[in-house]
Each structure stands twice: as structure tokens, then as C-alpha cells.
$ cat final-v1.txt   # compact mmCIF, C-alpha atoms
# COMPACT_ATOMS: atom_id res chain seq x y z
CA MET C 1 89.13 180.09 92.50
CA SER C 2 92.24 181.53 94.13
CA ASP C 3 95.49 181.86 92.24
CA LEU C 4 97.42 180.51 95.24
CA GLN C 5 100.02 177.91 94.39
CA THR C 6 98.58 174.43 94.90
CA PRO C 7 98.36 172.18 96.76
CA TYR C 8 96.59 173.81 99.65
CA TYR C 9 93.85 173.05 102.15
CA LEU C 10 91.07 175.62 101.91
CA ILE C 11 88.91 176.15 105.00
CA ASP C 12 85.61 177.85 104.11
CA LEU C 13 84.30 179.82 107.09
CA ALA C 14 80.79 180.12 105.66
CA LYS C 15 80.55 176.32 105.52
CA LEU C 16 82.19 175.99 108.92
CA ARG C 17 79.59 178.33 110.38
CA VAL C 18 76.83 175.86 109.46
CA ASN C 19 78.42 173.22 111.71
CA MET C 20 79.13 175.73 114.45
CA GLN C 21 75.53 176.92 114.51
CA ARG C 22 74.28 173.35 114.83
CA ILE C 23 76.66 172.78 117.70
CA GLN C 24 75.49 175.97 119.36
CA SER C 25 71.86 174.94 118.91
CA LEU C 26 72.52 171.57 120.56
CA ARG C 27 74.26 173.27 123.48
CA GLU C 28 71.37 175.66 123.99
CA GLN C 29 68.64 173.02 123.72
CA SER C 30 70.30 170.33 125.85
CA GLY C 31 72.69 172.03 128.27
CA VAL C 32 75.60 169.84 127.11
CA LYS C 33 79.07 171.27 126.65
CA CYS C 34 80.95 170.66 123.39
CA LEU C 35 84.73 170.39 123.21
CA LEU C 36 86.65 170.38 119.92
CA ALA C 37 88.56 167.10 119.50
CA LEU C 38 92.01 168.21 118.42
CA LYS C 39 92.97 164.71 117.22
CA CYS C 40 90.71 165.40 114.25
CA PHE C 41 91.25 169.10 113.62
CA ALA C 42 93.90 171.29 115.21
CA THR C 43 94.31 174.10 112.68
CA TRP C 44 94.47 176.87 115.21
CA GLY C 45 94.12 179.62 112.61
CA ALA C 46 90.39 178.81 112.69
CA PHE C 47 90.05 178.78 116.49
CA ASP C 48 89.06 182.44 116.83
CA PHE C 49 86.11 181.76 114.54
CA MET C 50 85.09 178.54 116.36
CA ARG C 51 85.56 179.70 119.95
CA PRO C 52 82.19 181.49 120.42
CA PHE C 53 80.33 178.31 119.45
CA MET C 54 82.17 175.76 121.61
CA ASP C 55 83.20 175.28 125.23
CA GLY C 56 86.86 174.35 124.79
CA THR C 57 89.02 171.49 123.59
CA THR C 58 89.90 167.91 124.39
CA SER C 59 93.23 166.30 123.62
CA SER C 60 95.02 162.99 123.19
CA SER C 61 98.57 164.09 123.96
CA LEU C 62 100.65 166.72 125.71
CA PHE C 63 101.17 168.75 122.54
CA GLU C 64 97.46 168.81 121.70
CA LEU C 65 96.69 169.74 125.29
CA ARG C 66 99.11 172.65 125.21
CA LEU C 67 97.79 173.86 121.85
CA GLY C 68 94.22 173.82 123.10
CA HIS C 69 95.17 175.67 126.27
CA GLU C 70 97.24 178.31 124.50
CA GLU C 71 95.27 178.90 121.30
CA PHE C 72 91.64 178.01 122.08
CA GLY C 73 91.39 178.60 125.81
CA ALA C 74 88.14 177.97 127.69
CA GLU C 75 87.72 174.49 129.17
CA THR C 76 90.63 172.15 128.50
CA HIS C 77 90.35 168.39 128.96
CA ALA C 78 93.52 166.32 129.04
CA TYR C 79 93.38 162.68 127.95
CA SER C 80 96.12 160.30 126.89
CA VAL C 81 96.22 156.54 126.50
CA ALA C 82 99.29 156.73 128.73
CA TRP C 83 100.94 159.74 130.34
CA ALA C 84 104.70 159.62 130.87
CA ASP C 85 106.48 160.63 134.07
CA HIS C 86 108.40 163.36 132.28
CA GLU C 87 105.24 165.04 130.89
CA ILE C 88 102.60 164.74 133.62
CA ASP C 89 103.62 167.87 135.53
CA GLU C 90 103.45 170.02 132.39
CA ALA C 91 100.15 168.43 131.41
CA LEU C 92 98.61 169.30 134.77
CA GLY C 93 99.67 172.89 134.22
CA TYR C 94 97.39 173.16 131.19
CA ALA C 95 94.40 171.03 132.19
CA ASP C 96 91.05 171.79 133.80
CA LYS C 97 90.25 168.06 133.87
CA ILE C 98 92.57 165.11 133.35
CA ILE C 99 91.14 161.79 132.20
CA PHE C 100 93.20 158.69 132.86
CA ASN C 101 92.92 155.68 130.59
CA SER C 102 93.51 153.09 133.30
CA LEU C 103 93.32 152.59 137.03
CA GLY C 104 97.09 152.11 136.98
CA GLN C 105 97.59 155.61 135.57
CA LEU C 106 95.11 157.01 138.10
CA ASP C 107 97.03 155.33 140.92
CA ARG C 108 100.32 156.68 139.58
CA TYR C 109 99.33 160.31 139.10
CA SER C 110 96.23 161.07 141.18
CA ASP C 111 98.19 162.56 144.07
CA LYS C 112 99.87 165.04 141.75
CA ALA C 113 96.57 165.99 140.14
CA ALA C 114 94.85 166.36 143.51
CA ALA C 115 97.65 168.59 144.78
CA ARG C 116 97.04 170.90 141.80
CA GLY C 117 93.28 170.87 142.31
CA ILE C 118 92.69 169.27 138.91
CA LYS C 119 89.47 167.31 138.51
CA MET C 120 90.08 163.70 137.52
CA GLY C 121 88.21 161.17 135.45
CA LEU C 122 88.62 157.69 134.01
CA ARG C 123 87.89 156.31 130.59
CA LEU C 124 85.06 153.80 130.80
CA ASN C 125 84.89 151.21 128.02
CA PRO C 126 81.31 149.89 127.65
CA ARG C 127 82.65 146.99 125.52
CA PHE C 128 80.60 147.92 122.47
CA SER C 129 80.85 150.61 119.82
CA THR C 130 79.47 151.76 116.48
CA SER C 131 82.75 151.37 114.59
CA GLY C 132 82.74 149.41 111.36
CA PHE C 133 86.54 149.21 111.32
CA ASP C 134 88.49 146.88 113.58
CA LEU C 135 91.37 149.36 113.40
CA ALA C 136 89.25 152.07 115.04
CA ASP C 137 87.03 149.93 117.27
CA PRO C 138 87.59 150.87 120.93
CA ALA C 139 85.68 147.72 121.93
CA ARG C 140 87.82 145.32 119.87
CA PRO C 141 89.07 142.17 121.67
CA PHE C 142 91.75 142.94 124.26
CA SER C 143 91.19 146.67 123.85
CA ARG C 144 93.54 148.82 125.93
CA LEU C 145 91.15 151.78 125.77
CA GLY C 146 89.56 152.25 129.17
CA GLU C 147 88.28 150.27 132.12
CA TRP C 148 85.06 148.24 132.33
CA ASP C 149 85.24 146.31 135.62
CA LEU C 150 82.46 148.00 137.60
CA PRO C 151 83.65 147.05 141.13
CA LYS C 152 87.10 148.45 140.34
CA LEU C 153 85.61 151.62 138.92
CA GLU C 154 83.52 152.12 142.04
CA GLN C 155 86.62 151.80 144.19
CA ALA C 156 88.03 154.84 142.40
CA LEU C 157 85.05 157.08 143.19
CA ASP C 158 86.89 158.87 145.99
CA ARG C 159 89.35 160.21 143.42
CA ILE C 160 87.37 160.76 140.21
CA SER C 161 84.48 163.10 139.51
CA GLY C 162 83.61 161.85 136.03
CA VAL C 163 84.13 159.38 133.22
CA MET C 164 84.71 159.56 129.50
CA ILE C 165 82.90 156.97 127.36
CA HIS C 166 84.06 157.16 123.74
CA TYR C 167 82.27 154.47 121.74
CA ASN C 168 80.64 156.28 118.79
CA CYS C 169 82.43 156.29 115.44
CA GLU C 170 80.86 158.10 112.47
CA ASN C 171 77.46 157.35 113.99
CA GLY C 172 74.71 159.20 112.15
CA ASP C 173 71.94 156.90 113.40
CA PHE C 174 70.06 158.50 116.29
CA ASP C 175 68.10 155.35 117.10
CA LEU C 176 71.34 153.39 117.47
CA PHE C 177 72.78 156.13 119.67
CA ASP C 178 69.63 156.11 121.81
CA ALA C 179 69.66 152.34 122.22
CA GLN C 180 73.32 152.18 123.16
CA LEU C 181 73.02 155.04 125.61
CA SER C 182 70.13 153.19 127.24
CA ARG C 183 72.39 150.17 127.55
CA ILE C 184 75.02 152.30 129.26
CA GLU C 185 72.38 153.63 131.64
CA ALA C 186 71.28 150.09 132.51
CA GLU C 187 74.76 148.66 133.01
CA PHE C 188 76.53 151.61 134.63
CA GLY C 189 73.72 153.75 136.06
CA GLY C 190 74.70 153.08 139.67
CA LEU C 191 78.14 154.51 138.96
CA LEU C 192 76.97 157.41 136.82
CA GLU C 193 74.65 158.78 139.49
CA LYS C 194 77.63 159.20 141.82
CA LEU C 195 79.54 161.40 139.35
CA ASP C 196 79.55 165.10 138.54
CA TRP C 197 80.21 164.86 134.80
CA VAL C 198 80.23 162.40 131.93
CA SER C 199 81.82 162.79 128.50
CA LEU C 200 80.30 160.76 125.68
CA GLY C 201 83.29 161.46 123.46
CA GLY C 202 82.98 162.16 119.77
CA GLY C 203 81.82 160.25 116.72
CA ILE C 204 78.18 161.38 116.80
CA HIS C 205 77.46 162.83 113.37
CA PHE C 206 74.87 165.29 114.63
CA THR C 207 75.82 168.13 112.29
CA GLY C 208 74.94 166.03 109.25
CA ASP C 209 72.01 167.10 107.08
CA GLY C 210 68.79 165.54 108.27
CA TYR C 211 70.07 164.46 111.68
CA PRO C 212 67.27 164.83 114.29
CA LEU C 213 69.04 167.41 116.40
CA GLU C 214 66.01 168.11 118.58
CA LYS C 215 65.66 164.43 119.50
CA LEU C 216 69.34 164.27 120.40
CA ALA C 217 69.06 167.40 122.53
CA ALA C 218 66.05 166.00 124.41
CA ARG C 219 67.80 162.66 124.97
CA LEU C 220 70.96 164.28 126.30
CA LYS C 221 68.99 166.63 128.55
CA ALA C 222 67.06 163.69 130.00
CA PHE C 223 70.32 161.83 130.67
CA GLN C 224 71.72 164.80 132.57
CA GLN C 225 68.58 165.17 134.64
CA LYS C 226 68.38 161.45 135.40
CA PHE C 227 71.92 161.19 136.76
CA GLY C 228 72.54 164.75 137.89
CA VAL C 229 75.63 165.16 135.73
CA GLN C 230 77.07 167.67 133.29
CA LEU C 231 77.40 166.03 129.89
CA PHE C 232 80.25 166.72 127.48
CA LEU C 233 80.48 165.86 123.81
CA GLU C 234 83.78 165.90 121.90
CA PRO C 235 82.89 166.60 118.26
CA GLY C 236 85.81 166.31 115.89
CA GLU C 237 84.56 165.40 112.42
CA ALA C 238 81.13 166.78 113.33
CA SER C 239 82.73 170.18 113.94
CA ILE C 240 84.38 170.53 110.56
CA THR C 241 82.62 168.15 108.17
CA ARG C 242 82.18 169.56 104.63
CA SER C 243 83.96 172.78 105.60
CA ALA C 244 87.23 172.44 103.69
CA SER C 245 88.75 171.16 100.46
CA LEU C 246 92.14 170.14 99.16
CA GLU C 247 92.96 172.19 96.07
CA VAL C 248 95.28 170.50 93.56
CA THR C 249 96.57 170.96 90.02
CA VAL C 250 96.93 168.40 87.21
CA LEU C 251 100.62 167.88 86.37
CA ASP C 252 100.34 165.11 83.80
CA LEU C 253 97.79 163.06 81.89
CA ILE C 254 98.44 159.46 80.90
CA HIS C 255 96.39 156.60 79.46
CA ASN C 256 97.11 153.06 80.66
CA GLY C 257 93.77 151.47 79.92
CA LYS C 258 91.99 154.40 81.51
CA ASP C 259 92.65 158.11 81.63
CA VAL C 260 94.76 159.06 84.65
CA ALA C 261 95.39 162.57 85.94
CA ILE C 262 98.47 162.95 88.14
CA VAL C 263 98.17 165.88 90.55
CA ASP C 264 100.60 167.84 92.72
CA SER C 265 99.45 166.15 95.91
CA SER C 266 99.37 162.71 97.51
CA ILE C 267 96.70 160.73 99.33
CA GLU C 268 99.42 159.09 101.46
CA ALA C 269 101.01 162.38 102.44
CA HIS C 270 97.99 164.70 102.51
CA MET C 271 94.84 162.60 103.14
CA LEU C 272 96.36 159.63 104.91
CA ASP C 273 93.22 158.58 106.78
CA LEU C 274 91.56 157.67 103.48
CA LEU C 275 94.44 155.39 102.56
CA ILE C 276 94.46 153.76 106.00
CA TYR C 277 90.76 152.94 105.80
CA ARG C 278 90.83 152.19 102.05
CA GLU C 279 88.31 154.87 101.22
CA THR C 280 88.28 157.15 98.21
CA ALA C 281 88.40 160.92 98.26
CA LYS C 282 85.30 162.98 97.51
CA LEU C 283 85.97 163.97 93.93
CA PRO C 284 83.85 165.76 91.30
CA GLN C 285 81.23 163.50 89.66
CA ASP C 286 79.52 165.95 87.36
CA GLY C 287 80.23 165.02 83.75
CA GLN C 288 80.99 162.42 81.10
CA HIS C 289 84.80 162.67 81.13
CA ALA C 290 86.15 160.04 83.52
CA TYR C 291 89.60 160.05 85.11
CA GLN C 292 91.45 158.30 87.86
CA ILE C 293 93.00 160.99 90.07
CA ALA C 294 96.45 159.90 91.28
CA GLY C 295 99.09 161.39 93.52
CA LYS C 296 102.67 162.19 92.59
CA THR C 297 104.56 159.94 95.03
CA CYS C 298 106.21 156.67 94.07
CA LEU C 299 103.65 154.62 96.01
CA ALA C 300 101.77 152.55 93.40
CA GLY C 301 98.52 152.89 95.33
CA ASP C 302 98.74 156.65 95.74
CA ILE C 303 95.31 157.10 94.16
CA PHE C 304 92.61 159.53 95.32
CA GLY C 305 89.87 157.78 93.35
CA GLU C 306 87.66 158.07 90.29
CA ALA C 307 86.23 161.39 89.10
CA ARG C 308 84.09 162.72 86.31
CA PHE C 309 84.21 166.18 84.75
CA ALA C 310 82.07 168.19 82.35
CA GLN C 311 85.13 169.04 80.23
CA PRO C 312 88.33 167.10 79.47
CA LEU C 313 91.18 167.79 81.88
CA GLN C 314 94.37 169.45 80.76
CA VAL C 315 97.76 169.93 82.35
CA GLY C 316 97.19 172.88 84.66
CA SER C 317 93.53 172.09 85.39
CA ARG C 318 92.52 172.68 89.00
CA ILE C 319 90.63 170.02 90.97
CA SER C 320 88.89 170.54 94.29
CA ILE C 321 88.76 167.51 96.62
CA ALA C 322 85.92 167.94 99.10
CA ASP C 323 85.65 167.29 102.84
CA ALA C 324 89.35 167.65 103.48
CA ALA C 325 89.48 169.06 107.01
CA GLY C 326 89.19 166.08 109.37
CA TYR C 327 92.21 163.87 110.00
CA THR C 328 94.15 165.50 107.15
CA MET C 329 96.15 168.47 108.39
CA VAL C 330 96.87 166.64 111.65
CA LYS C 331 98.23 163.61 109.71
CA LYS C 332 100.03 165.22 106.78
CA ASN C 333 103.62 164.05 106.37
CA TRP C 334 106.76 164.46 104.31
CA PHE C 335 106.69 161.14 102.39
CA ASN C 336 108.85 161.40 99.25
CA GLY C 337 109.68 164.95 100.31
CA VAL C 338 106.48 166.11 98.60
CA PRO C 339 105.69 169.63 99.82
CA MET C 340 102.94 169.79 102.40
CA PRO C 341 99.85 171.70 101.23
CA ALA C 342 99.63 175.28 102.37
CA ILE C 343 96.70 176.20 104.62
CA ALA C 344 94.30 178.91 103.46
CA ILE C 345 91.04 180.32 104.79
CA ARG C 346 88.14 181.68 102.75
CA ASP C 347 86.49 184.39 104.82
CA GLU C 348 82.74 184.83 104.70
CA ASN C 349 83.13 187.77 102.30
CA GLY C 350 84.81 185.44 99.80
CA THR C 351 88.37 186.62 100.35
CA ILE C 352 90.97 183.85 100.43
CA ARG C 353 94.02 184.34 102.61
CA GLU C 354 96.97 182.04 103.04
CA VAL C 355 97.76 181.43 106.71
CA ARG C 356 100.65 178.99 106.40
CA ARG C 357 102.99 177.75 103.68
CA PHE C 358 105.50 174.97 104.28
CA THR C 359 109.00 175.15 102.83
CA TYR C 360 112.11 173.08 102.34
CA ASP C 361 113.34 174.39 105.69
CA ASP C 362 110.29 172.84 107.38
CA TYR C 363 111.07 169.51 105.69
CA LYS C 364 114.73 169.64 106.64
CA SER C 365 114.06 170.72 110.23
CA SER C 366 111.69 167.78 110.76
CA LEU C 367 114.63 165.44 110.28
CA SER C 368 118.22 165.56 111.46
$ encode --input "final-v1.txt" --output "C-alpha cells"
Amino acid sequence: MSDLQTPYYLIDLAKLRVNMQRIQSLREQSGVKCLLALKCFATWGAFDFMRPFMDGTTSSSLFELRLGHEEFGAETHAYSVAWADHEIDEALGYADKIIFNSLGQLDRYSDKAAARGIKMGLRLNPRFSTSGFDLADPARPFSRLGEWDLPKLEQALDRISGVMIHYNCENGDFDLFDAQLSRIEAEFGGLLEKLDWVSLGGGIHFTGDGYPLEKLAARLKAFQQKFGVQLFLEPGEASITRSASLEVTVLDLIHNGKDVAIVDSSIEAHMLDLLIYRETAKLPQDGQHAYQIAGKTCLAGDIFGEARFAQPLQVGSRISIADAAGYTMVKKNWFNGVPMPAIAIRDENGTIREVRRFTYDDYKSSLS
């Protein structure tokens, strides 16, 4: 293990390559294009490695859009739940396609996009999803995410060339994906056949071990042929799953009914998504010595989870928390003034290099 000062996120390019090769295989077999979803992973120090395997990026805000355009290049899709008047002109300067969340936004900005020659799309909400969390369910009651009134959508056909349908969330079940796509074909097929492109968003866990990639490729290829469209996928978690870790050090050991190891990191500050969804971090489970791994902030629930080790922990012991790429670096924060983890990359020859370290000046400059 590296002697870099913890905490730090460690991106392993050999592990990342496994995901990239699966993405490339899907592209080759199906003809779909794959865009990195920056809302999940925007660590641009890895973009040079990822670029040959993907077709570009998709964004959820002006800043993500600009980052994708400047650092990744290739095809750049611009989406936002709501664009503001003061940012739309800049956004159009970076975008190859702009996807509006509502007909109101399309009405407001379509003339500007048309004048720039930017292809336009709308978000279509099929009113169902695979999400198990109400917080993340795009089809929840009164959802603001996209349009579903078919007559209204058809009235916009003179201005849009495609739609984005993001309804999968951590979906590793091909049969469920197949059934729901068939439902979309049945309900919206008349609209789809009048379009040039369709994005099925992200949330399809097709880089997972054992996923039937060939079946997915055949299904996507058939969809494209049936409707005469170019399909896009927007893999976020699927792009970087299992490719990074959060490296931490034990600062203190206490016993309060169970053994607790306090580390130099924080689930609230450094792996916030786990706290939001009340999930535990992926910790070592390979021995008889059990510990609760806890963060160093004053939040009582700043707890990564339960772990087991082959040997007793000591102050100074290093712990590696797995699967720490998605929705971590993009959500890290300065709660309690705890230093943000550095970002490091392990090259395929095993060399570890630090690409960014955050300092007090970064903390101070984020405030006023």
C-alpha cells in the first residue's frame, strides 16, 4: 500500500479497464453510444484513460457540461432539470445536444438552440422505474422529471429530434429491463419512430459480473432497428463500479459495548450517498476481529459500518473501503472542516500517483 497521507480516494486503472472493456464490447455488439454520466463520476484526471472506450459525456448542470466539453471532449449532451436565463447561452456553447426537462423549457429556449444549430430533445417520463428508493424514484407521485403526455410530446416533434428516458436505477436484472423496454415500445412507439435518437439514461448495471451482456446488446440493437434511431446509454456507476477505494487510517480505538475504530475520514463528508440512503460502506469481512468503523466528525451517526479483520486493529492501521468512486468525489464536502480526501491513481504498472490534495486554502476559499 502507498505511504500517501490518508485519507485519499484511490482509482485503480486496471480495475477501471474491466468496466471500460465491457462498455466497449456493448458498443461494438449493439451500435449504441455510451456517455459518461458526470453526476456520478467527474474526476477528470481519469478521463484520458476512459476516453477511448466511450463516446462522450452527459451532464446535469452547466458546470458538469463545461467540464465534459473541456476535459473529455467527444459528444457532449446537456441536460438540466431547469436551465436559467443567465446560463443558457453559455450552455449552448458547449453542447452537441440539449435535452429539456419540460415543454415549458423547450418553449423558452428552443429558438436560441435552433439558432445555434444545436439538436434538441425532451425528457420523457414513462411513469415507472426500477428504483427501490422514493428519494431517487423518477416516477414518484408528482414527479417533476420529464413529460409523459403523449399528445403534447407529439406537438413538439417539429423542434426535437430525440428523447431521454431515464428510469433505471441500479438495475442488474436483464429480464426486468427487457420487460420495461417492451412497455415503452408499446406505449410510446408511435413517437419513437419519428425520432432520430433515444437515450435510455443510466442505471443499467451491465458491467456487473454475470450480467448477460450479449442479450442486452441484441435487445438494444433490435430496438434501434425497429424504430430507426441511434440509442444512447449514460452509464455512471456502471462505468466505475469496483474501480476505486477510500483509504483511511485508524486514529483511535474505543470500547463502548463493542470495539470501535475511529478513522481519519467521514461517511457524511466523504461517502455521503451511503448516509443518504442508509447503506453501509463495503468494508473488509475477512477475519474474527470485529469492529465498528466510525468517522471523526461530531455527527453521532457518522458510521461507515461493521468490519472484520484477520488481526486486531491498532492506532495507525490502514483500512481500505471498497467501491468508493461513484457519488463520492462529486459529493464530498467540508463538514466539520474535515480535510477532503486526496485523489490518487494507481497506474496499471502498480505505481500510485497523487493527482490532487486539498488544503486549508481550499476550505477557506469555499466560504467567505
$ atom_distance --input "final-v1.txt" --atom1 "atom CA of C:Ile118" --atom2 "atom CA of C:Ala238"
28.2 Å
$ residues_around --input "final-v1.txt" --residues "C:Leu67" --least-positions-apart "2" --cutoff "10 Å" --atoms "all atoms listed in the file" --output "list in words"
Leu38, Ala42, Thr43, Trp44, Thr57, Ser59, Leu62, Phe63, Glu64, Leu65, His69, Glu70, Glu71, Phe72, Gly73, Thr76 and Tyr94 of chain C
$ atom_distance --input "final-v1.txt" --atom1 "atom CA of C:His166" --atom2 "atom CA of C:Met120"
16.4 Å
$ atom_distance --input "final-v1.txt" --atom1 "atom CA of C:Ala269" --atom2 "atom CA of C:Asn19"
26.7 Å
$ closest_atom_pairs --input "final-v1.txt" --of "stretch 4-85 of chain C" --to "stretch 219-224 of chain C" --cutoff "10 Å" --atoms "only C-alpha atoms" --output "Markdown table"
| residue | atom | partner | partner_atom | distance |
| --- | --- | --- | --- | --- |
| C:Leu26 | CA | C:Leu220 | CA | 9.4 |
| C:Arg27 | CA | C:Lys221 | CA | 9.9 |
| C:Gln29 | CA | C:Lys221 | CA | 8.0 |
| C:Ser30 | CA | C:Lys221 | CA | 4.8 |
| C:Gly31 | CA | C:Lys221 | CA | 6.6 |
| C:Val32 | CA | C:Leu220 | CA | 7.3 |
